[in-house]
file work_30.tsv (TSV, C-alpha atoms)
chain	number	residue	atom	x	y	z
V	191	MET	CA	-75.69	-72.41	74.84
V	192	LYS	CA	-79.27	-71.16	74.81
V	193	PRO	CA	-80.89	-70.36	71.42
V	194	GLY	CA	-81.27	-66.68	72.40
V	195	ARG	CA	-77.55	-66.36	73.14
V	196	ILE	CA	-76.66	-68.09	69.86
V	197	ILE	CA	-78.75	-65.56	67.92
V	198	ASP	CA	-77.27	-62.62	69.90
V	199	THR	CA	-73.74	-63.90	69.25
V	200	LEU	CA	-74.49	-64.42	65.55
V	201	VAL	CA	-75.88	-60.86	65.24
V	202	LEU	CA	-72.78	-59.49	66.99
V	203	TRP	CA	-70.47	-61.35	64.57
V	204	ILE	CA	-72.41	-60.01	61.57
V	205	ILE	CA	-72.16	-56.43	62.89
V	206	LEU	CA	-68.42	-56.83	63.50
V	207	ALA	CA	-67.87	-58.34	60.04
V	208	ILE	CA	-69.74	-55.64	58.05
V	209	PRO	CA	-66.74	-53.26	57.75
V	210	PHE	CA	-64.68	-56.11	56.25
V	211	LEU	CA	-67.20	-57.40	53.73
V	212	GLY	CA	-66.25	-56.76	50.11
V	213	ASN	CA	-62.61	-56.36	51.11
V	214	GLY	CA	-63.18	-52.82	52.40
V	215	GLN	CA	-64.06	-51.47	48.97
V	216	GLN	CA	-66.02	-48.46	50.35
V	217	LEU	CA	-62.93	-46.27	50.86
V	218	THR	CA	-63.18	-42.62	49.87
V	219	GLN	CA	-59.57	-41.73	50.65
V	220	ILE	CA	-56.29	-43.26	51.77
V	221	GLN	CA	-56.11	-43.24	55.57
V	222	LYS	CA	-52.99	-42.29	57.53
V	223	GLY	CA	-50.72	-45.33	57.85
V	224	TYR	CA	-52.13	-47.10	54.78
V	225	TRP	CA	-49.85	-48.08	51.90
V	226	VAL	CA	-50.45	-47.85	48.15
V	227	ALA	CA	-48.95	-50.48	45.84
V	228	CYS	CA	-49.24	-51.17	42.12
V	229	GLY	CA	-48.08	-53.45	39.34
V	230	ASP	CA	-49.41	-55.16	36.23
V	231	ASP	CA	-52.83	-53.49	35.71
V	232	LYS	CA	-53.70	-53.20	39.42
V	233	VAL	CA	-53.56	-50.69	42.28
V	234	LEU	CA	-53.98	-51.76	45.92
V	235	ILE	CA	-54.50	-49.87	49.17
V	236	ILE	CA	-53.15	-51.80	52.13
V	237	ASN	CA	-53.67	-51.47	55.86
V	238	PRO	CA	-50.50	-53.02	57.32
V	239	ALA	CA	-52.07	-53.06	60.79
V	240	ILE	CA	-54.41	-55.86	59.65
V	241	GLY	CA	-51.70	-58.30	58.64
V	242	SER	CA	-48.91	-59.14	56.25
V	243	ASP	CA	-50.89	-61.15	53.70
V	244	SER	CA	-53.73	-60.40	51.28
V	245	SER	CA	-56.12	-59.82	54.19
V	246	ALA	CA	-54.44	-56.40	54.58
V	247	ILE	CA	-55.78	-55.24	51.19
V	248	VAL	CA	-58.63	-52.84	51.99
V	249	TRP	CA	-59.23	-51.52	48.45
V	250	LYS	CA	-58.24	-52.69	44.99
V	251	TRP	CA	-58.68	-51.55	41.42
V	252	GLN	CA	-57.92	-53.26	38.15
V	253	PHE	CA	-57.95	-51.27	34.92
V	254	GLY	CA	-60.72	-53.45	33.47
V	255	GLU	CA	-63.15	-52.07	36.08
V	256	SER	CA	-62.93	-48.61	34.51
V	257	ALA	CA	-61.95	-49.47	30.92
V	258	ASN	CA	-65.37	-48.50	29.53
V	259	GLN	CA	-64.90	-44.90	30.78
V	260	ILE	CA	-62.19	-44.01	28.26
V	261	PRO	CA	-61.36	-44.92	24.63
V	262	LYS	CA	-61.05	-48.67	24.02
V	263	GLU	CA	-57.44	-48.46	22.82
V	264	TYR	CA	-56.33	-47.62	26.38
V	265	SER	CA	-56.76	-51.28	27.33
V	266	ASN	CA	-53.36	-51.82	25.70
V	267	TYR	CA	-51.76	-48.94	27.63
V	268	PHE	CA	-52.44	-49.99	31.23
V	269	LYS	CA	-50.74	-53.39	31.29
V	270	SER	CA	-47.69	-52.29	33.30
V	271	ILE	CA	-48.55	-49.75	35.99
V	272	ASP	CA	-45.36	-48.46	37.57
V	273	GLU	CA	-46.40	-45.53	39.75
V	274	CYS	CA	-49.51	-44.86	41.84
V	275	LYS	CA	-49.26	-41.53	43.65
V	276	PRO	CA	-51.90	-40.31	46.15
V	277	VAL	CA	-53.04	-36.76	45.31
V	278	PHE	CA	-55.84	-34.31	46.19
V	279	SER	CA	-55.77	-34.95	49.96
V	280	ASN	CA	-55.39	-38.71	49.34
V	281	LYS	CA	-58.81	-38.93	47.65
V	282	LYS	CA	-57.41	-39.71	44.19
V	283	ILE	CA	-54.53	-41.70	42.73
V	284	LEU	CA	-52.39	-40.49	39.83
V	285	ILE	CA	-51.35	-43.58	37.86
V	286	THR	CA	-48.63	-44.00	35.22
V	287	SER	CA	-48.04	-47.05	33.06
V	288	SER	CA	-44.86	-47.78	31.16
V	289	THR	CA	-46.99	-49.41	28.49
V	290	GLY	CA	-48.17	-45.96	27.48
V	291	ALA	CA	-50.65	-43.99	29.57
V	292	THR	CA	-51.40	-41.82	32.59
V	293	CYS	CA	-54.71	-41.41	34.41
V	294	LEU	CA	-56.25	-39.82	37.49
V	295	LEU	CA	-58.51	-42.19	39.42
V	296	ASN	CA	-61.07	-41.19	42.05
V	297	ILE	CA	-60.88	-43.67	44.94
V	298	ALA	CA	-64.54	-43.41	46.06
V	299	ASP	CA	-66.21	-44.35	42.76
V	300	LYS	CA	-63.26	-45.64	40.68
V	301	LYS	CA	-63.94	-43.05	37.98
V	302	ILE	CA	-61.13	-42.03	35.65
V	303	GLU	CA	-61.09	-38.22	35.71
V	304	PHE	CA	-58.14	-37.63	33.37
V	305	TYR	CA	-56.28	-39.77	30.84
V	306	ALA	CA	-53.56	-39.31	28.25
V	307	LYS	CA	-51.33	-41.41	26.01
V	308	THR	CA	-47.90	-40.95	27.56
V	309	PRO	CA	-45.27	-43.18	25.93
V	310	MET	CA	-43.29	-45.16	28.53
V	311	ALA	CA	-44.66	-43.01	31.38
V	312	HIS	CA	-42.78	-43.60	34.63
V	313	SER	CA	-43.90	-40.80	36.94
V	314	ALA	CA	-46.42	-37.96	37.26
V	315	ASP	CA	-47.51	-35.30	39.71
V	316	ILE	CA	-50.20	-32.65	40.13
V	317	LEU	CA	-49.23	-28.98	39.89
V	318	PRO	CA	-51.16	-25.80	40.77
V	319	GLY	CA	-53.67	-24.62	38.19
V	320	LYS	CA	-55.11	-28.11	37.57
V	321	LEU	CA	-52.00	-29.25	35.73
V	322	VAL	CA	-50.36	-32.66	35.57
V	323	ALA	CA	-46.71	-33.26	34.65
V	324	VAL	CA	-45.58	-36.63	33.28
V	325	ALA	CA	-42.03	-38.01	32.85
V	326	ASN	CA	-41.75	-40.41	29.90
V	327	SER	CA	-38.84	-42.81	29.54
V	328	THR	CA	-37.08	-44.47	26.61
V	329	HIS	CA	-39.61	-44.77	23.81
V	330	PRO	CA	-39.38	-43.32	20.27
V	331	LYS	CA	-42.17	-40.88	21.21
V	332	GLY	CA	-41.07	-40.60	24.85
V	333	ASN	CA	-37.86	-39.29	26.43
V	334	SER	CA	-39.81	-36.25	27.53
V	335	LEU	CA	-41.50	-34.20	30.18
V	336	GLU	CA	-45.11	-33.38	29.25
V	337	LEU	CA	-47.60	-31.01	30.85
V	338	TYR	CA	-51.39	-31.35	30.60
V	339	GLN	CA	-54.52	-29.56	31.84
V	340	LEU	CA	-56.58	-31.98	33.92
V	341	ASP	CA	-59.77	-30.96	32.12
V	342	GLN	CA	-58.26	-31.59	28.65
V	343	PRO	CA	-57.38	-35.28	28.22
V	344	GLU	CA	-54.80	-36.26	25.60
V	345	LYS	CA	-53.74	-32.67	24.79
V	346	PRO	CA	-50.22	-31.81	25.99
V	347	ILE	CA	-49.77	-28.06	26.48
V	348	TYR	CA	-45.98	-28.23	27.00
V	349	LYS	CA	-43.24	-30.70	26.14
V	350	ASP	CA	-39.50	-30.76	26.84
V	351	THR	CA	-36.84	-33.30	25.90
V	352	LEU	CA	-35.78	-35.50	28.84
V	353	TYR	CA	-33.84	-38.68	28.23
V	354	SER	CA	-35.20	-41.64	30.23
V	355	GLY	CA	-37.65	-39.67	32.36
V	356	HIS	CA	-38.21	-41.50	35.64
V	357	GLY	CA	-39.35	-39.06	38.32
V	358	VAL	CA	-41.59	-36.02	38.77
V	359	VAL	CA	-42.37	-34.32	42.10
V	360	TRP	CA	-43.98	-30.91	42.71
V	361	ASN	CA	-42.57	-29.08	45.75
V	362	ASN	CA	-45.27	-26.71	46.94
V	363	ARG	CA	-43.04	-24.81	49.39
V	364	LEU	CA	-40.44	-24.01	46.72
V	365	GLN	CA	-43.07	-23.77	43.96
V	366	GLN	CA	-40.85	-25.91	41.75
V	367	LEU	CA	-41.17	-29.12	39.78
V	368	PHE	CA	-38.29	-31.56	40.28
V	369	VAL	CA	-37.75	-33.89	37.32
V	370	LEU	CA	-35.38	-36.86	37.10
V	371	GLY	CA	-33.95	-38.29	33.89
V	372	TYR	CA	-31.20	-40.87	33.28
V	373	ASP	CA	-28.33	-38.59	34.34
V	374	ASP	CA	-30.22	-35.34	34.75
V	375	LEU	CA	-32.03	-33.71	37.67
V	376	ARG	CA	-33.92	-30.57	36.67
V	377	THR	CA	-36.18	-28.00	38.26
V	378	TYR	CA	-38.97	-26.13	36.51
V	379	LYS	CA	-41.07	-23.16	37.62
V	380	LEU	CA	-44.55	-22.37	36.38
V	381	THR	CA	-45.05	-19.18	34.45
V	382	ASP	CA	-48.31	-17.23	34.74
V	383	ALA	CA	-49.33	-18.61	31.35
V	384	LYS	CA	-49.05	-22.20	32.64
V	385	LYS	CA	-51.01	-21.42	35.83
V	386	ALA	CA	-54.08	-20.23	33.91
call {"tool": "encode", "arguments": {"input": "work_30.tsv", "output": "structure tokens"}}
result
Amino acid sequence: MKPGRIIDTLVLWIILAIPFLGNGQQLTQIQKGYWVACGDDKVLIINPAIGSDSSAIVWKWQFGESANQIPKEYSNYFKSIDECKPVFSNKKILITSSTGATCLLNIADKKIEFYAKTPMAHSADILPGKLVAVANSTHPKGNSLELYQLDQPEKPIYKDTLYSGHGVVWNNRLQQLFVLGYDDLRTYKLTDAKKA
């Protein structure tokens, strides 16, 4: 092969490789067909079209990357992430940890935009009016449904008893919040006071 062709081929390979450098960490939102997975203190975005091993991971986050953005004590609360729900047109991820916290993470810059101590949190969802609902499971300070304003970290504005809270989903068409406990499925509606 001539030296000129070797250089051209090398340049072509570099251009083709650029999108994959850094494990695809430049994502700004979750693309159609991508998967989101979480566990321990990590969240992953996966493109299953790439493969079935770690090469399919196109974005990853570990709590330690953003730990300095919120109070230091939260390092103890994000050791067991159990839900990672895409929200806001798949540009953010709402994360709950059964070791005691909930946060809203921006995919593009990995900034934590909301956080709260939520004992044994198992599920959360975004509601109209910049609200977030969190289902907390079996913990002395848990067994509850809590409601927060996204611009007011750590300050619940509503709380209801819910034994072994495990699921929260907002249904926009019905304008209802569906909440799952141990042997209880409930629906809630927002009042005007909660929408403010």
call {"tool": "closest_residue", "arguments": {"input": "work_30.tsv", "among": "V:Val248, V:Leu337, V:Val233, V:Ala291", "to": "Asp350 of chain V", "atoms": "all atoms listed in the file"}}
result
V:Leu337
call {"tool": "atom_distance", "arguments": {"input": "work_30.tsv", "atom1": "atom CA of Leu367 of chain V", "atom2": "atom CA of Asn326 of chain V"}}
result
15.0 Å
call {"tool": "residues_near_point", "arguments": {"input": "work_30.tsv", "point": "(-42.9, -29.5, 36.9)", "cutoff": "10 Å", "atoms": "all atoms listed in the file", "output": "number ranges by chain"}}
result
V: 314-318, 321-325, 335-337, 358-361, 365-369, 376-380
call {"tool": "atom_distance", "arguments": {"input": "work_30.tsv", "atom1": "atom CA of Asn258 of chain V", "atom2": "atom CA of Thr289 of chain V"}}
result
18.4 Å
call {"tool": "closest_residue", "arguments": {"input": "work_30.tsv", "among": "V:Glu255, V:Asp299, V:Asp243, V:Asp230", "to": "Ile271 of chain V", "atoms": "only C-alpha atoms"}}
result
V:Asp230
call {"tool": "residues_around", "arguments": {"input": "work_30.tsv", "residues": "Phe304 of chain V", "least_positions_apart": "4", "cutoff": "10 Å", "atoms": "only C-alpha atoms", "output": "PDB file with C-alpha atoms, in the coordinates of the input"}}
result
ATOM      1  CA  ILE V 260     -62.190 -44.010  28.260  1.00  0.00           C
ATOM      2  CA  LEU V 284     -52.390 -40.490  39.830  1.00  0.00           C
ATOM      3  CA  THR V 292     -51.400 -41.820  32.590  1.00  0.00           C
ATOM      4  CA  CYS V 293     -54.710 -41.410  34.410  1.00  0.00           C
ATOM      5  CA  LEU V 294     -56.250 -39.820  37.490  1.00  0.00           C
ATOM      6  CA  LEU V 295     -58.510 -42.190  39.420  1.00  0.00           C
ATOM      7  CA  ASN V 296     -61.070 -41.190  42.050  1.00  0.00           C
ATOM      8  CA  VAL V 322     -50.360 -32.660  35.570  1.00  0.00           C
ATOM      9  CA  TYR V 338     -51.390 -31.350  30.600  1.00  0.00           C
ATOM     10  CA  GLN V 339     -54.520 -29.560  31.840  1.00  0.00           C
ATOM     11  CA  LEU V 340     -56.580 -31.980  33.920  1.00  0.00           C
ATOM     12  CA  ASP V 341     -59.770 -30.960  32.120  1.00  0.00           C
ATOM     13  CA  GLN V 342     -58.260 -31.590  28.650  1.00  0.00           C
ATOM     14  CA  PRO V 343     -57.380 -35.280  28.220  1.00  0.00           C
ATOM     15  CA  GLU V 344     -54.800 -36.260  25.600  1.00  0.00           C
TER      16      GLU V 344
END
call {"tool": "axis_aligned_box", "arguments": {"input": "work_30.tsv", "around": "segment 287-294 of chain V", "padding_each_side": "6 Å", "output": "JSON"}}
result
{"center_x": -50.6, "center_y": -44.6, "center_z": 32.5, "size_x": 23.4, "size_y": 21.6, "size_z": 22.0}
call {"tool": "closest_residue", "arguments": {"input": "work_30.tsv", "among": "V:Ser270, V:Ser256, V:Asn333, V:Ser288", "to": "Leu370 of chain V", "atoms": "all atoms listed in the file"}}
result
V:Asn333
call {"tool": "residues_around", "arguments": {"input": "work_30.tsv", "residues": "Trp251 of chain V", "least_positions_apart": "4", "cutoff": "12 Å", "atoms": "all atoms listed in the file", "output": "MDAnalysis selection string"}}
result
chainID V and resid 213:217 226:235 247 255:257 271 274 283 285 295:302
call {"tool": "closest_residue", "arguments": {"input": "work_30.tsv", "among": "V:Tyr348, V:Tyr353, V:Tyr267, V:Phe278", "to": "Leu375 of chain V", "atoms": "only C-alpha atoms"}}
result
V:Tyr353
call {"tool": "atom_distance", "arguments": {"input": "work_30.tsv", "atom1": "atom CA of Pro330 of chain V", "atom2": "atom CA of Lys269 of chain V"}}
result
18.8 Å
call {"tool": "closest_residue", "arguments": {"input": "work_30.tsv", "among": "V:Ser313, V:Thr308, V:Thr381, V:Gln221", "to": "His329 of chain V", "atoms": "only C-alpha atoms"}}
result
V:Thr308
call {"tool": "closest_residue", "arguments": {"input": "work_30.tsv", "among": "V:Pro309, V:Gly290, V:Gly332, V:Gly223", "to": "Thr351 of chain V", "atoms": "only C-alpha atoms"}}
result
V:Gly332
call {"tool": "decode", "arguments": {"input": "work_30.tsv", "residues": "segment 248-280 of chain V", "atoms": "N, CA, C and O atoms", "output": "tab-separated table (two decimals), in the first residue's frame"}}
result
chain	number	residue	atom	x	y	z
V	248	VAL	N	-23.61	3.66	25.79
V	248	VAL	CA	-23.28	4.90	25.09
V	248	VAL	C	-23.20	6.10	26.04
V	248	VAL	O	-22.79	7.19	25.63
V	249	TRP	N	-23.60	5.91	27.28
V	249	TRP	CA	-23.54	6.98	28.29
V	249	TRP	C	-23.59	6.31	29.65
V	249	TRP	O	-24.31	5.32	29.84
V	250	LYS	N	-22.81	6.82	30.58
V	250	LYS	CA	-22.89	6.28	31.95
V	250	LYS	C	-22.66	7.39	32.96
V	250	LYS	O	-22.01	8.40	32.67
V	251	TRP	N	-23.23	7.17	34.13
V	251	TRP	CA	-23.09	8.12	35.23
V	251	TRP	C	-22.96	7.32	36.51
V	251	TRP	O	-23.65	6.32	36.72
V	252	GLN	N	-22.06	7.77	37.35
V	252	GLN	CA	-21.90	7.21	38.69
V	252	GLN	C	-22.06	8.36	39.66
V	252	GLN	O	-21.58	9.46	39.40
V	253	PHE	N	-22.74	8.12	40.78
V	253	PHE	CA	-23.06	9.21	41.69
V	253	PHE	C	-21.84	10.07	42.04
V	253	PHE	O	-21.94	11.29	42.12
V	254	GLY	N	-20.69	9.46	42.19
V	254	GLY	CA	-19.48	10.20	42.55
V	254	GLY	C	-19.15	11.34	41.60
V	254	GLY	O	-18.53	12.33	42.00
V	255	GLU	N	-19.57	11.23	40.33
V	255	GLU	CA	-19.31	12.29	39.36
V	255	GLU	C	-20.01	13.59	39.71
V	255	GLU	O	-19.58	14.67	39.31
V	256	SER	N	-21.12	13.50	40.41
V	256	SER	CA	-21.94	14.68	40.72
V	256	SER	C	-22.06	14.93	42.22
V	256	SER	O	-22.79	15.82	42.64
V	257	ALA	N	-21.36	14.14	43.03
V	257	ALA	CA	-21.50	14.21	44.48
V	257	ALA	C	-21.22	15.60	45.05
V	257	ALA	O	-21.83	16.01	46.04
V	258	ASN	N	-20.30	16.34	44.42
V	258	ASN	CA	-19.95	17.66	44.95
V	258	ASN	C	-21.02	18.72	44.67
V	258	ASN	O	-20.91	19.85	45.12
V	259	GLN	N	-22.09	18.36	43.97
V	259	GLN	CA	-23.15	19.32	43.64
V	259	GLN	C	-24.22	19.43	44.72
V	259	GLN	O	-25.02	20.36	44.71
V	260	ILE	N	-24.24	18.47	45.63
V	260	ILE	CA	-25.26	18.45	46.68
V	260	ILE	C	-24.59	18.16	48.02
V	260	ILE	O	-23.40	17.83	48.06
V	261	PRO	N	-25.32	18.29	49.14
V	261	PRO	CA	-24.69	18.07	50.45
V	261	PRO	C	-23.96	16.73	50.55
V	261	PRO	O	-24.40	15.72	50.01
V	262	LYS	N	-22.83	16.75	51.24
V	262	LYS	CA	-21.92	15.60	51.34
V	262	LYS	C	-22.61	14.34	51.86
V	262	LYS	O	-22.29	13.23	51.44
V	263	GLU	N	-23.56	14.49	52.76
V	263	GLU	CA	-24.22	13.33	53.36
V	263	GLU	C	-24.94	12.45	52.33
V	263	GLU	O	-25.19	11.28	52.56
V	264	TYR	N	-25.25	13.01	51.16
V	264	TYR	CA	-25.96	12.24	50.14
V	264	TYR	C	-25.11	11.10	49.57
V	264	TYR	O	-25.65	10.19	48.94
V	265	SER	N	-23.82	11.13	49.78
V	265	SER	CA	-22.97	10.02	49.32
V	265	SER	C	-23.41	8.70	49.93
V	265	SER	O	-23.24	7.64	49.33
V	266	ASN	N	-24.00	8.75	51.11
V	266	ASN	CA	-24.51	7.54	51.76
V	266	ASN	C	-25.87	7.12	51.23
V	266	ASN	O	-26.31	6.00	51.48
V	267	TYR	N	-26.56	8.00	50.52
V	267	TYR	CA	-27.94	7.75	50.11
V	267	TYR	C	-28.10	7.23	48.67
V	267	TYR	O	-29.19	6.89	48.27
V	268	PHE	N	-27.02	7.22	47.91
V	268	PHE	CA	-27.11	6.77	46.52
V	268	PHE	C	-26.27	5.52	46.27
V	268	PHE	O	-25.63	5.40	45.24
V	269	LYS	N	-26.32	4.59	47.21
V	269	LYS	CA	-25.55	3.35	47.07
V	269	LYS	C	-26.37	2.22	46.44
V	269	LYS	O	-25.81	1.20	46.07
V	270	SER	N	-27.68	2.41	46.33
V	270	SER	CA	-28.53	1.34	45.80
V	270	SER	C	-29.65	1.94	44.94
V	270	SER	O	-30.81	1.95	45.33
V	271	ILE	N	-29.27	2.40	43.76
V	271	ILE	CA	-30.25	2.99	42.84
V	271	ILE	C	-31.16	1.89	42.32
V	271	ILE	O	-30.71	0.84	41.88
V	272	ASP	N	-32.48	2.12	42.42
V	272	ASP	CA	-33.41	1.08	42.00
V	272	ASP	C	-34.39	1.52	40.92
V	272	ASP	O	-35.12	0.69	40.38
V	273	GLU	N	-34.44	2.80	40.60
V	273	GLU	CA	-35.26	3.23	39.47
V	273	GLU	C	-34.58	4.41	38.78
V	273	GLU	O	-34.04	5.29	39.44
V	274	CYS	N	-34.63	4.40	37.45
V	274	CYS	CA	-34.06	5.49	36.64
V	274	CYS	C	-35.03	5.74	35.50
V	274	CYS	O	-35.04	5.01	34.53
V	275	LYS	N	-35.85	6.77	35.66
V	275	LYS	CA	-36.97	7.01	34.75
V	275	LYS	C	-36.70	8.22	33.86
V	275	LYS	O	-36.51	9.33	34.36
V	276	PRO	N	-36.69	8.03	32.53
V	276	PRO	CA	-36.53	9.17	31.63
V	276	PRO	C	-37.72	10.13	31.75
V	276	PRO	O	-38.87	9.70	31.75
V	277	VAL	N	-37.43	11.43	31.84
V	277	VAL	CA	-38.46	12.46	31.95
V	277	VAL	C	-38.06	13.68	31.12
V	277	VAL	O	-36.94	13.74	30.62
V	278	PHE	N	-38.95	14.65	31.02
V	278	PHE	CA	-38.69	15.88	30.28
V	278	PHE	C	-38.14	15.59	28.88
V	278	PHE	O	-37.02	15.96	28.54
V	279	SER	N	-38.98	14.93	28.07
V	279	SER	CA	-38.64	14.59	26.68
V	279	SER	C	-37.33	13.80	26.58
V	279	SER	O	-36.54	13.99	25.66
V	280	ASN	N	-37.11	12.93	27.56
V	280	ASN	CA	-35.92	12.06	27.60
V	280	ASN	C	-34.60	12.81	27.71
V	280	ASN	O	-33.54	12.28	27.39
